[in-house]
Protein chains: 2
Amino acid sequence: MEEKPGKPLPPVIRVAIVEDDDETRKLTASLLNMYPGIECVGAFERAEDFAAAIASLHPHAVLMDIGLPGKSGIQAVKELKDKHRGTEFIMFTINEDAEQIVEALAWGATGYLLKNTRPEKIVEAIRDVVGGGGNLTTSVTRVLMEVLQANRGNRQLLEKLTAREQETLMLLKDGYSRKEIAKKLFLSEDTVRSHIRNIYEKFEVHNRAQVLKLVFGV
Amino acid sequence: MEEKPGKPLPPVIRVAIVEDDDETRKLTASLLNMYPGIECVGAFERAEDFAAAIASLHPHAVLMDIGLPGKSGIQAVKELKDKHRGTEFIMFTINEDAEQIVEALAWGATGYLLKNTRPEKIVEAIRDVVGGGGNLTTSVTRVLMEVLQANRGNRQLLEKLTAREQETLMLLKDGYSRKEIAKKLFLSEDTVRSHIRNIYEKFEVHNRAQVLKLVFGV
DNA sequence: TGAGAAATCGCACTTTAGTGCGATTGCCGG
DNA sequence: CCGGCAATCGCACTAAAGTGCGATTTCTCA
């Protein structure tokens, strides 16, 4: 595609499925096998079963449901991702909840598909992630963008601050004390105190954590 | 596609281009016009020119370069996005820099394409964003995921904390004082102090901002 | 030229935060 | 049944942080 060559595409992409719904699992497995270059090497009902098999299967990619009985798909990613770097995790779920999306991606999933995604798109996603890219449905992408916008806190607020105040805030954010900030900026402690005071006034807060939350949005 | 119906697709999608390189601009414009349902209604060399024209053009989408002479494409998004909600901004650039990607998306861009993207993919992206989705190339998506993972700080660290310590940390993050936390958790101030002390010890830090940076990653 | 904003600094004062060194209670697993 | 951990609380002390009320200088812009 438009990618720089990440990993070279393997001759046959080995895919596993973890999905508790029998019908979906079997259907998806057989669908995948209809595509040349894709082989479904395992289908599991439970994350625990997959965890036990992953080492011998060494799949290139796994379609992972989130709402599983027992261990959740996200938990599974969390636990398996680091130990199995050759396997890419694609979340495969009905859930479009922003929190879950962010969770899954933050723990190392590289794809996130909704279950009603058309088979060609699923295959495309598998090829993408195995090739070193990321693949989300457009709606998931949009959700992610919204989270990004919300999560950034109000960085626009930074523009309300003067240059010196901004510098001060950046050091504040890194956990430096007034004394340390003064040394770094070649100012007296009192000046730093003054800048901080002004920041608080502009944002109507009364301590550091509140500023950080407001501006950088934790 | 696999989307829930966002906005209804307009009969003809009006697209504008902001791109300083003559060849790329003209080529892209004519390419777009070859697709049914897509009309290039304006092509600009500078963000300022586009800003002056957007109100009368009311494009559904705009392909926006980042590295422009004068005002940058990101700056343009920042200034125009809120006032023109009917226009979706797609960054169209050679730059795959993580910071810029995050910046652009955080300010409200809903697409991010690399310039070597094939025309069909560009058109697909335009249709996606106008339809209420988001569209990034797979490599940009991957970058975004990496940022997400890095940016989350070490949330895994949370697991090192006991239940009470976690509760305390959450309130700390919201800028509450020891006294306030004590009241909220029905504890004595000294107990809260004790929990905080333990948190600091486990993470080897010495003040609130440092914990927040470490765990939530500002 | 004159008002205002930005940047610098000072001091006295109160409130929080952080550290050191304890204690008791209860629960859980080997 | 015992050792360890979690959770609770106490106190004394030092170090920061935050507030109130100033000041001077420099620079810009109307």
# chains A, B, ... in the order shown; residues from 1 in each chain; ligands from 1

$ residues_around --residues "stretch 4-21 of chain C" --least-positions-apart "2" --cutoff "9 Å" --atoms "only C-alpha atoms (C1' of nucleotides)" --output "list in words"
Thr162, Arg164, Leu187, Ser188, Glu189, Asp190 and Thr191 of chain A; Ser177, Arg178, Arg193, Arg197, His206 and Asn207 of chain B; DC13, DT14, DA15, DA16, DA17, DG18, DT19, DG20, DG22, DA23, DT24, DT25, DT26, DC27 and DT28 of chain D

$ write_last_selection --atoms "C-alpha atoms (C1' of nucleotides)" --output "mmCIF file, in the first residue's frame"
data_model
loop_
_atom_site.group_PDB
_atom_site.id
_atom_site.type_symbol
_atom_site.label_atom_id
_atom_site.label_comp_id
_atom_site.auth_asym_id
_atom_site.auth_seq_id
_atom_site.Cartn_x
_atom_site.Cartn_y
_atom_site.Cartn_z
ATOM 1 C CA THR A 162 2.906 34.828 28.841
ATOM 2 C CA ARG A 164 7.666 33.160 31.090
ATOM 3 C CA LEU A 187 15.315 33.713 38.508
ATOM 4 C CA SER A 188 14.752 34.354 42.158
ATOM 5 C CA GLU A 189 12.364 32.075 43.972
ATOM 6 C CA ASP A 190 10.081 34.990 44.474
ATOM 7 C CA THR A 191 9.798 35.611 40.778
ATOM 8 C CA SER B 177 -5.653 18.461 49.254
ATOM 9 C CA ARG B 178 -4.967 15.982 51.980
ATOM 10 C CA ARG B 193 -0.707 11.149 54.441
ATOM 11 C CA ARG B 197 3.762 8.388 51.569
ATOM 12 C CA HIS B 206 8.843 13.030 46.226
ATOM 13 C CA ASN B 207 5.892 15.107 45.197
ATOM 14 C "C1'" DC D 13 9.470 18.382 62.636
ATOM 15 C "C1'" DT D 14 11.212 20.613 58.169
ATOM 16 C "C1'" DA D 15 10.379 22.076 53.740
ATOM 17 C "C1'" DA D 16 7.491 23.692 50.333
ATOM 18 C "C1'" DA D 17 3.528 25.901 48.592
ATOM 19 C "C1'" DG D 18 0.236 29.419 48.454
ATOM 20 C "C1'" DT D 19 -1.601 34.299 49.596
ATOM 21 C "C1'" DG D 20 -1.653 39.293 50.220
ATOM 22 C "C1'" DG D 22 3.544 45.611 47.656
ATOM 23 C "C1'" DA D 23 7.813 47.450 44.414
ATOM 24 C "C1'" DT D 24 10.836 48.710 39.905
ATOM 25 C "C1'" DT D 25 12.034 48.400 35.070
ATOM 26 C "C1'" DT D 26 11.352 47.853 30.343
ATOM 27 C "C1'" DC D 27 8.818 47.773 26.284
ATOM 28 C "C1'" DT D 28 5.013 48.362 23.269
#

$ closest_atom_pairs --of "chain D" --to "chain B" --cutoff "12 Å" --atoms "only C-alpha atoms (C1' of nucleotides)" --output "tab-separated table"
residue	atom	partner	partner_atom	distance
D:DC5	C1'	B:Thr162	CA	10.1
D:DA6	C1'	B:Thr162	CA	7.6
D:DA7	C1'	B:Arg164	CA	8.0
D:DT8	C1'	B:Thr191	CA	6.4
D:DC9	C1'	B:Thr191	CA	6.0
D:DG10	C1'	B:Asp190	CA	7.4
D:DC11	C1'	B:Asp190	CA	9.7
D:DA15	C1'	B:His206	CA	11.9
D:DA16	C1'	B:Asn207	CA	10.1
D:DA17	C1'	B:Asn207	CA	11.6

$ closest_atom_pairs --of "chain A" --to "chain B" --cutoff "6 Å" --atoms "only C-alpha atoms" --output "CSV"
residue,atom,partner,partner_atom,distance
A:Glu2,CA,B:Thr117,CA,5.3
A:Ala106,CA,B:Gln149,CA,4.4
A:Thr117,CA,B:Glu2,CA,5.4
A:Gly133,CA,B:Thr138,CA,4.8
A:Gly134,CA,B:Arg142,CA,4.5
A:Asn135,CA,B:Thr138,CA,5.7
A:Thr138,CA,B:Gly134,CA,4.7
A:Ser139,CA,B:Gly133,CA,4.9
A:Thr141,CA,B:Gly134,CA,5.0
A:Arg142,CA,B:Gly134,CA,4.5
A:Leu148,CA,B:Ala106,CA,5.6
A:Gln149,CA,B:Ala106,CA,4.4
A:Gly175,CA,B:Ala209,CA,4.5
A:Ala209,CA,B:Gly175,CA,4.5
A:Gln210,CA,B:Gly175,CA,4.6

$ atom_distance --atom1 "atom CA of B:Glu167" --atom2 "atom CA of B:Glu201"
16.5 Å

$ select_by_dssp --residues "stretch 19-193 of chain A" --states "strand (DSSP E)" --output "list in words"
Ile38, Glu39, Cys40, Val41, Gly42, Ala43, Phe44, Ala61, Val62, Leu63, Met64, Glu88, Phe89, Ile90, Met91, Phe92, Thr93, Gly111, Tyr112, Leu113, Leu114, Asn135 and Leu136 of chain A

$ write_last_selection --atoms "N, CA, C and O atoms" --output "CSV table (one decimal), in the first residue's frame"
chain,number,residue,atom,x,y,z
A,38,ILE,N,-4.1,-16.3,3.6
A,38,ILE,CA,-4.5,-16.2,5.0
A,38,ILE,C,-4.9,-17.6,5.5
A,38,ILE,O,-5.6,-18.3,4.8
A,39,GLU,N,-4.5,-18.0,6.6
A,39,GLU,CA,-4.8,-19.3,7.2
A,39,GLU,C,-5.2,-19.1,8.6
A,39,GLU,O,-4.5,-18.6,9.4
A,40,CYS,N,-6.4,-19.6,8.9
A,40,CYS,CA,-6.8,-19.6,10.3
A,40,CYS,C,-6.3,-20.8,11.0
A,40,CYS,O,-6.7,-21.9,10.7
A,41,VAL,N,-5.4,-20.6,11.9
A,41,VAL,CA,-4.6,-21.7,12.5
A,41,VAL,C,-5.2,-22.1,13.9
A,41,VAL,O,-4.7,-23.0,14.6
A,42,GLY,N,-6.2,-21.3,14.4
A,42,GLY,CA,-6.8,-21.7,15.7
A,42,GLY,C,-8.0,-20.8,16.0
A,42,GLY,O,-8.0,-19.7,15.6
A,43,ALA,N,-8.9,-21.4,16.6
A,43,ALA,CA,-10.1,-20.7,17.1
A,43,ALA,C,-10.5,-21.1,18.5
A,43,ALA,O,-10.6,-22.2,18.8
A,44,PHE,N,-10.6,-20.1,19.3
A,44,PHE,CA,-10.8,-20.4,20.8
A,44,PHE,C,-12.0,-19.6,21.3
A,44,PHE,O,-12.3,-18.5,20.9
A,61,ALA,N,-1.3,-12.9,13.5
A,61,ALA,CA,-2.3,-12.0,14.0
A,61,ALA,C,-3.4,-12.7,14.7
A,61,ALA,O,-3.6,-13.9,14.5
A,62,VAL,N,-4.1,-12.1,15.6
A,62,VAL,CA,-5.2,-12.7,16.3
A,62,VAL,C,-6.4,-11.7,16.4
A,62,VAL,O,-6.2,-10.5,16.7
A,63,LEU,N,-7.5,-12.2,16.0
A,63,LEU,CA,-8.7,-11.5,16.1
A,63,LEU,C,-9.3,-11.8,17.5
A,63,LEU,O,-9.6,-12.9,17.8
A,64,MET,N,-9.3,-10.7,18.3
A,64,MET,CA,-9.6,-10.9,19.7
A,64,MET,C,-10.9,-10.2,20.2
A,64,MET,O,-11.0,-9.0,20.1
A,88,GLU,N,0.4,-9.8,16.2
A,88,GLU,CA,-0.4,-8.6,16.3
A,88,GLU,C,-1.8,-8.8,16.8
A,88,GLU,O,-2.4,-9.8,16.3
A,89,PHE,N,-2.3,-8.0,17.7
A,89,PHE,CA,-3.6,-8.2,18.2
A,89,PHE,C,-4.6,-7.2,17.6
A,89,PHE,O,-4.4,-6.0,17.6
A,90,ILE,N,-5.6,-7.8,17.1
A,90,ILE,CA,-6.7,-7.0,16.5
A,90,ILE,C,-8.0,-7.2,17.4
A,90,ILE,O,-8.4,-8.3,17.5
A,91,MET,N,-8.5,-6.1,17.9
A,91,MET,CA,-9.7,-6.3,18.7
A,91,MET,C,-10.8,-6.4,17.7
A,91,MET,O,-10.9,-5.8,16.7
A,92,PHE,N,-11.7,-7.3,18.1
A,92,PHE,CA,-12.8,-7.7,17.1
A,92,PHE,C,-14.1,-7.8,18.0
A,92,PHE,O,-14.3,-8.8,18.7
A,93,THR,N,-14.9,-6.7,17.9
A,93,THR,CA,-15.9,-6.6,19.0
A,93,THR,C,-17.1,-5.8,18.5
A,93,THR,O,-17.0,-5.1,17.5
A,111,GLY,N,-5.0,-3.1,16.0
A,111,GLY,CA,-6.2,-3.0,15.2
A,111,GLY,C,-7.5,-3.0,16.0
A,111,GLY,O,-7.4,-3.5,17.2
A,112,TYR,N,-8.5,-2.5,15.5
A,112,TYR,CA,-9.8,-2.5,16.3
A,112,TYR,C,-10.9,-2.5,15.3
A,112,TYR,O,-11.2,-1.5,14.6
A,113,LEU,N,-11.5,-3.6,15.1
A,113,LEU,CA,-12.6,-3.7,14.1
A,113,LEU,C,-13.9,-4.0,14.8
A,113,LEU,O,-14.0,-4.6,15.9
A,114,LEU,N,-15.0,-3.5,14.2
A,114,LEU,CA,-16.3,-3.8,14.7
A,114,LEU,C,-16.7,-5.1,14.0
A,114,LEU,O,-16.3,-5.4,12.9
A,135,ASN,N,-4.6,-0.5,11.9
A,135,ASN,CA,-5.9,-0.5,11.2
A,135,ASN,C,-7.1,-0.4,12.1
A,135,ASN,O,-7.3,-1.3,13.0
A,136,LEU,N,-7.8,0.6,12.0
A,136,LEU,CA,-9.1,0.8,12.8
A,136,LEU,C,-10.2,1.1,11.8
A,136,LEU,O,-9.9,1.6,10.7

$ select_by_dssp --residues "chain B" --states "helix (DSSP H, G or I)" --output "count of residues only"
115

$ atom_distance --atom1 "atom CA of A:Val18" --atom2 "atom CA of A:Arg46"
6.4 Å

$ atom_distance --atom1 "atom CA of B:Lys183" --atom2 "atom CA of B:Thr168"
11.4 Å
